[in-house]
Every structure is written in structure tokens, then in C-alpha cells.
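Please read the structure below before turning to the comments.
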Amino acid sequence: MDARVRKLAHNLIAHSLKLQPGEKVLIETRGLNVSLVQALVQEAYAAGGLPFVNIKNPRVDRALIEGCSQEQLQLMYKWEEERMLAMDCYVGIRLPENSYEEMGVDFEKLELYNALYDRKLLMEVRCPTTRWVVLRYPTPAMAQAAQMGTDEFEDFYFNVCCLDYDRMSRAMDPLKALMDRTDKVRITGRDTDLTFSIKGIGGVKCDGACNIPDGEVYSAPVRDSVNGYITYNTPSLVDGFCFQNIRLEFENGKIVKATANDTERLNAILDTDAGARYIGEFAIGVNPYVTRVMNETLFDEKIMGSFHFTPGNCVMGCDNGNVSQVHWDLVMIQRPEYGGGEILFDGEVIRKDGVFVREDLKGLNPENLK
């Protein structure tokens with residue numbers, strides 16, 4: 001077994017989940033890498049835990065979605081809910097083989113599947129009731145999306161996922177402290193000028209506990225405080241469709257106008273429920289190894305010099321009261337090659353063109369994290 005796989009499995013069980021003796025952990029994988037699942041089972045046993053394994057396949061999932069009925073999905077949810085509620089911890093692994101696997105599936109079927117089963121299970125059971133960590137695992141398809149050779153991408157992947165998260169966590173402390181006492185935020189960039197408040201909401205460090213790779217500090221806007229407009233400069237792949245050039249306009253927190261390369265499809269998602277047109281998360285990405293768009297949200301939202309501004313449900317630890325079945329991490333990169341931009345806290349520029357300029361935050365710049 002590749003020693004890096006063993007190290008990753010140990011980090012997931014010991015650092016991310018902090019699995020304790022007697023605790024139950026569900027290891028769920030969409031696609032299969034036997035070595036990683038085997039290593040996770042062994043590490044769970046070594047920690048005194050009780051591992052359970054569930055293996056899914058994206059092509060089989062597509063076949064289920066294409067013919068699913070409301071009654072069937074409600075039964076699937078009931079069974080999965082019972083199992084998830086019995087777990088203390090959860091590891092979710094995806095091995096992307098074809099990012100467009102769901103392309104062409106009837107949109108109403110996808111929405112039914114998400115509303116009654118997949119997204120519902122995530123939002124109502126897994127997130128609030130378990131300690132969880134999710135990750136992607138390298139495949140040739142991911143390497144191709146990153147425009148890298150397979151071996152080169154694997155080296156990149158393990159550098160990203162196995163970095164020194166304890167060091168990163170310490171460097172995040174000043175940014176979290178600053179978020180905790182900040183009121184007004186302004187963000188500027190190419191065709192972007194947003195203002196909002198995070199007063200009383202504060203910040204949360206993402207330092208390897210829930211997502212691998214990790215590297216963000218997040219907050220949430222006061223729900224009705226967002227005004228202005230934003231044009232996201234990274235694509236976003238949802239249910240087999242790649243959204244590009246998403247532009248949102250806000251008035252008193254609500255998205256009042258939304259356009260993209262498929263404006264109708266975009267607005268259908270934003271009309272899922274009342275909360276989908278409000279923002280549930282504002283987060284600053286700082287992973288020094290993630291510098292390019294990969295069309296994988298777990299990577300893209302951590303891009304060095306980026307932030308994401310997320311329509312939909314708020315995140316645990318930064319509750320702004322917004323509730324939705326949607327949580328859509330849309331990313332904007334502010335490095336010069338992407339048009340630059342600034343983040344201001346209470347009128348002070350803290351990051352310019354993707355680089356932290358405030359002295360106590362410079363530890364989060366890439367030269368200090370690698």
C-alpha cells in the first residue's frame with residue numbers, strides 16, 4: 001500500500017474525525033479505491049471504532065434517478081436516515097470518473113432526488129448529527145480536468161491533502177479573531193462590488209476537520225445586509241451542467257437578478273425555496289497548493305487568493321438564520337490574472353489581489369504555509 005494512502009487514512013480517522021473507542025463510523029464511497037477504504041477500516045479498528053462501509057456507483061445512481069418515484073425516494077430516505085442516525089462519524093469519498101455523468105437527466109427528476117433523498121439526507125441528518133469529513137480521491141478524470149498527467153496529479157493531490165493542517169490552523173487564528181470583531185465587509189473586483197455585515201456572526205476555521213483538502217475561514221452575512229453585485233469568474237458544475245459567468249445582484253440580502261450561460265436553469269435552482277435566494281456563507285480560501293480551477297468544489301473553494309459567496313443554507317457555527325435545501329459554493333478568484341480585487345473589513349483593506357496585506361494575516365500567504 002502506498003504510504004501516502006496510509007497517512008491520509010490516519011489523518012482522516014485521527015485528526016479529522018477524532019474517532020473514539022466504541023464509536024461507529026460510516027465509510028461511504030462513490031466509486032471505489034480498495035486501498036483507501038481498506039486503510040480507513042484498519043485505522044478505525046486501530047482507534048477502537050466500529051467501521052461500516054457503503055459502496056455506490058455514479059452510473060448506477062444515474063439509472064436510479066432516471067426512473068425514481070416519490071414513494072421510492074421516501075423509502076430510500078427512511079432507510080438511510082435510520083442508518084445515519086446510528087452513526088457517530090461519517091467519511092464520504094468520491095472518485096470522479098465523469099463529471100458529466102448526470103448530463104441529460106431530466107431536471108425535475110434530479111430535483112426530486114435531491115429534495116426527497118440526497119440533499120435532504122445531507123442537510124437534515126448527516127451534517128447536524130455526525131462528525132463528518134468528505135474528500136475526493138484522485139482519478140485520471142480529475143487529472144485531465146486539472147490538465148495534468150496522472151502521476152503528477154497524484155503528487156499534487158497528496159501535497160494538498162496531507163499538508164501541515166496544525167500549522168495552517170495557527171495561521172488562521174488572527175483571521176478568525178478579526179472576523180469575530182468585524183462589522184462591515186466590502187468586496188470589489190471585476191464587475192463586482194458587494195457590501196454586507198458579519199457583525200455578531202464571527203468566523204470559523206476550516207483546518208482539516210470536515211473537508212479534505214481544506215483551507216478556508218468562513219462566516220456568513222447578516223441575512224438582509226447584502227447589497228451590490230458579483231460576477232463569479234470560476235465555473236461551477238452542478239448535476240452534470242457546467243455553469244459559467246454567473247452574475248448575481250442583491251437588494252437587502254435577496255438575489256433579485258441572476259444570469260449565467262443558462263439563466264433559466266440558474267434561476268430554477270435559486271427558486272428551490274425561499275432561502276436559496278439569500279446567502280448562507282462567506283469564506284476566504286487560503287490553501288497554498290490549490291491555484292487553478294478544477295471544477296471540483298472541494299478544491300476550487302480552497303483556491304489561494306479566492307473567496308466563495310454561497311447562496312442557500314447557512315453553515316454550522318455561523319448561523320445567520322437562512323435555511324434552504326440549496327448550499328451552492330460559488331467561487332471568485334481575486335489574483336491579478338483573474339482581474340484582481342480587494343476585501344475590506346470595516347474600511348481597511350485586508351487582502352489585495354489575492355495577497356493578505358495586513359501584518360497579522362501575512363502568515364496565511366502561500367510562502368508561509370508550504
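Chain labels run A, B, ... following the order of the C-alpha cells; each chain numbers its residues from 1, and ligands are numbered from 1 in the order shown.
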Distance query region 60-67 of chain A at most 7 Å, only C-alpha atoms, self and fewer than 4 positions along chain excluded, as number ranges by chain: A: 102, 105, 109-110, 113
Contacts of Gly321 (chain A) within 10 Å, only C-alpha atoms, excl. fewer than 6 positions in-chain, as an NGL selection string: :A and (220 or 222-223 or 275 or 280 or 313-315)
With all heavy atoms retained, export the selected residues as an mmCIF file, in the first residue's frame.
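again.cif was written with the following content:
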data_model
loop_
_atom_site.group_PDB
_atom_site.id
_atom_site.type_symbol
_atom_site.label_atom_id
_atom_site.label_comp_id
_atom_site.auth_asym_id
_atom_site.auth_seq_id
_atom_site.Cartn_x
_atom_site.Cartn_y
_atom_site.Cartn_z
ATOM 1 N N ALA A 220 -20.721 34.304 7.706
ATOM 2 C CA ALA A 220 -21.968 34.442 6.952
ATOM 3 C C ALA A 220 -22.447 35.873 7.077
ATOM 4 O O ALA A 220 -22.266 36.509 8.128
ATOM 5 C CB ALA A 220 -23.035 33.481 7.469
ATOM 6 N N VAL A 222 -25.004 38.904 7.737
ATOM 7 C CA VAL A 222 -26.321 39.159 8.301
ATOM 8 C C VAL A 222 -27.308 39.050 7.132
ATOM 9 O O VAL A 222 -27.103 39.632 6.064
ATOM 10 C CB VAL A 222 -26.367 40.549 8.957
ATOM 11 C CG1 VAL A 222 -27.790 40.863 9.422
ATOM 12 C CG2 VAL A 222 -25.390 40.606 10.131
ATOM 13 N N ARG A 223 -28.379 38.293 7.311
ATOM 14 C CA ARG A 223 -29.172 37.788 6.185
ATOM 15 C C ARG A 223 -29.653 38.874 5.232
ATOM 16 O O ARG A 223 -29.609 38.691 4.000
ATOM 17 C CB ARG A 223 -30.372 37.000 6.718
ATOM 18 C CG ARG A 223 -31.159 36.237 5.651
ATOM 19 C CD ARG A 223 -32.225 35.375 6.308
ATOM 20 N NE ARG A 223 -32.937 34.557 5.326
ATOM 21 C CZ ARG A 223 -34.057 34.913 4.726
ATOM 22 N NH1 ARG A 223 -34.588 36.107 4.974
ATOM 23 N NH2 ARG A 223 -34.653 34.110 3.852
ATOM 24 N N GLY A 275 -35.090 30.366 0.886
ATOM 25 C CA GLY A 275 -33.733 30.622 1.363
ATOM 26 C C GLY A 275 -32.667 30.556 0.298
ATOM 27 O O GLY A 275 -31.549 31.037 0.503
ATOM 28 N N GLY A 280 -25.793 32.093 2.536
ATOM 29 C CA GLY A 280 -25.571 31.349 3.767
ATOM 30 C C GLY A 280 -24.131 31.264 4.212
ATOM 31 O O GLY A 280 -23.857 30.826 5.331
ATOM 32 N N ASN A 313 -28.306 27.526 2.266
ATOM 33 C CA ASN A 313 -28.287 27.211 3.688
ATOM 34 C C ASN A 313 -27.027 27.709 4.379
ATOM 35 O O ASN A 313 -25.927 27.617 3.830
ATOM 36 C CB ASN A 313 -28.398 25.692 3.872
ATOM 37 C CG ASN A 313 -28.924 25.311 5.232
ATOM 38 O OD1 ASN A 313 -30.039 25.665 5.589
ATOM 39 N ND2 ASN A 313 -28.131 24.578 5.999
ATOM 40 N N CYS A 314 -27.194 28.232 5.587
ATOM 41 C CA CYS A 314 -26.033 28.672 6.356
ATOM 42 C C CYS A 314 -25.282 27.467 6.905
ATOM 43 O O CYS A 314 -25.780 26.339 6.905
ATOM 44 C CB CYS A 314 -26.441 29.627 7.472
ATOM 45 S SG CYS A 314 -27.567 28.917 8.679
ATOM 46 N N VAL A 315 -24.055 27.722 7.391
ATOM 47 C CA VAL A 315 -23.156 26.657 7.799
ATOM 48 C C VAL A 315 -23.092 26.605 9.321
ATOM 49 O O VAL A 315 -23.142 27.639 9.997
ATOM 50 C CB VAL A 315 -21.742 26.886 7.219
ATOM 51 C CG1 VAL A 315 -20.841 25.696 7.492
ATOM 52 C CG2 VAL A 315 -21.833 27.138 5.721
#
For Val326 (chain A), the nearest of the candidates A:Leu364, A:Met123, A:Val286, A:Val204, counting only C-alpha atoms: A:Met123
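In the backbone-derived DSSP annotation, alpha helix (DSSP H) within region 115-157 of chain A comprises A:Arg119, A:Lys120, A:Leu121, A:Cys127, A:Pro128, A:Thr129, A:Pro140, A:Ala141, A:Met142, A:Ala143, A:Gln144, A:Ala145, A:Thr150, A:Asp151, A:Glu152, A:Phe153, A:Glu154, A:Asp155, A:Phe156, A:Tyr157.
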Select from region 175-205 of chain A every residue with an atom at most 12 Å from any atom of region 244-264 of chain A, then for each give the shortest pair of atoms and their distance in Å to one decimal, using only C-alpha atoms, rows by chain and rising number, as JSON lines.
{"residue": "A:Arg190", "atom": "CA", "partner": "A:Arg247", "partner_atom": "CA", "distance": 11.2}
{"residue": "A:Asp191", "atom": "CA", "partner": "A:Arg247", "partner_atom": "CA", "distance": 8.8}
{"residue": "A:Thr192", "atom": "CA", "partner": "A:Arg247", "partner_atom": "CA", "distance": 8.9}
{"residue": "A:Asp193", "atom": "CA", "partner": "A:Glu249", "partner_atom": "CA", "distance": 9.8}
{"residue": "A:Leu194", "atom": "CA", "partner": "A:Phe250", "partner_atom": "CA", "distance": 8.5}
{"residue": "A:Thr195", "atom": "CA", "partner": "A:Phe250", "partner_atom": "CA", "distance": 9.6}
{"residue": "A:Phe196", "atom": "CA", "partner": "A:Gly253", "partner_atom": "CA", "distance": 8.3}
{"residue": "A:Ser197", "atom": "CA", "partner": "A:Gly253", "partner_atom": "CA", "distance": 10.3}
What would the file look like if the residues just selected were written as a PDB file, in the first residue's frame with N, CA and C atoms?
ATOM      1  N   ARG A 190     -13.506  42.507 -10.647  1.00  0.00           N
ATOM      2  CA  ARG A 190     -14.036  42.720 -11.994  1.00  0.00           C
ATOM      3  C   ARG A 190     -15.558  42.508 -11.993  1.00  0.00           C
ATOM      4  N   ASP A 191     -16.303  43.563 -12.337  1.00  0.00           N
ATOM      5  CA  ASP A 191     -17.761  43.547 -12.348  1.00  0.00           C
ATOM      6  C   ASP A 191     -18.320  43.030 -11.018  1.00  0.00           C
ATOM      7  N   THR A 192     -17.691  43.465  -9.921  1.00  0.00           N
ATOM      8  CA  THR A 192     -18.098  43.030  -8.587  1.00  0.00           C
ATOM      9  C   THR A 192     -17.943  44.171  -7.600  1.00  0.00           C
ATOM     10  N   ASP A 193     -18.985  44.437  -6.849  1.00  0.00           N
ATOM     11  CA  ASP A 193     -18.920  45.400  -5.746  1.00  0.00           C
ATOM     12  C   ASP A 193     -20.021  45.031  -4.763  1.00  0.00           C
ATOM     13  N   LEU A 194     -19.627  44.373  -3.674  1.00  0.00           N
ATOM     14  CA  LEU A 194     -20.550  43.861  -2.676  1.00  0.00           C
ATOM     15  C   LEU A 194     -20.309  44.535  -1.336  1.00  0.00           C
ATOM     16  N   THR A 195     -21.366  44.782  -0.591  1.00  0.00           N
ATOM     17  CA  THR A 195     -21.257  45.211   0.801  1.00  0.00           C
ATOM     18  C   THR A 195     -22.212  44.369   1.640  1.00  0.00           C
ATOM     19  N   PHE A 196     -21.770  44.043   2.848  1.00  0.00           N
ATOM     20  CA  PHE A 196     -22.618  43.301   3.782  1.00  0.00           C
ATOM     21  C   PHE A 196     -21.990  43.365   5.173  1.00  0.00           C
ATOM     22  N   SER A 197     -22.732  42.872   6.157  1.00  0.00           N
ATOM     23  CA  SER A 197     -22.264  42.859   7.543  1.00  0.00           C
ATOM     24  C   SER A 197     -22.109  41.423   8.025  1.00  0.00           C
TER      25      SER A 197
END
Shell around Gly92 (chain A) at 6 Å using only C-alpha atoms, local window under 4 positions removed, as a ChimeraX atom specification: /A:28-29,134
Give me, as JSON lines, each residue of region 219-263 of chain A that comes within 8 Å of region 329-335 of chain A, together with its shortest interatomic pair and the distance in Å at one decimal, counting only C-alpha atoms, with rows ordered by chain and rising residue number.
{"residue": "A:Thr231", "atom": "CA", "partner": "A:Met332", "partner_atom": "CA", "distance": 7.7}
{"residue": "A:Tyr232", "atom": "CA", "partner": "A:Met332", "partner_atom": "CA", "distance": 4.9}
{"residue": "A:Asn233", "atom": "CA", "partner": "A:Met332", "partner_atom": "CA", "distance": 5.3}
{"residue": "A:Thr234", "atom": "CA", "partner": "A:Val331", "partner_atom": "CA", "distance": 5.9}
{"residue": "A:Ser236", "atom": "CA", "partner": "A:Leu330", "partner_atom": "CA", "distance": 6.8}
Output C-alpha atoms for every residue in that selection, as a tab-separated table (two decimals), in the first residue's frame.
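selection.tsv, freshly written:
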chain	number	residue	atom	x	y	z
A	231	THR	CA	-19.68	38.17	-11.20
A	232	TYR	CA	-18.09	34.80	-10.40
A	233	ASN	CA	-15.04	34.03	-12.53
A	234	THR	CA	-14.90	30.26	-12.00
A	236	SER	CA	-19.50	25.53	-11.28
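Of note, CA of Thr130 (chain A) and CA of Tyr90 (chain A) are spaced 6.5 Å apart.
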Point-to-point distance in Å for CA of Glu281 (chain A) and CA of Arg167 (chain A):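 Taking CA of Arg167 (chain A) as the start and CA of Glu281 (chain A) as the end point, the length is 24.3 Å.
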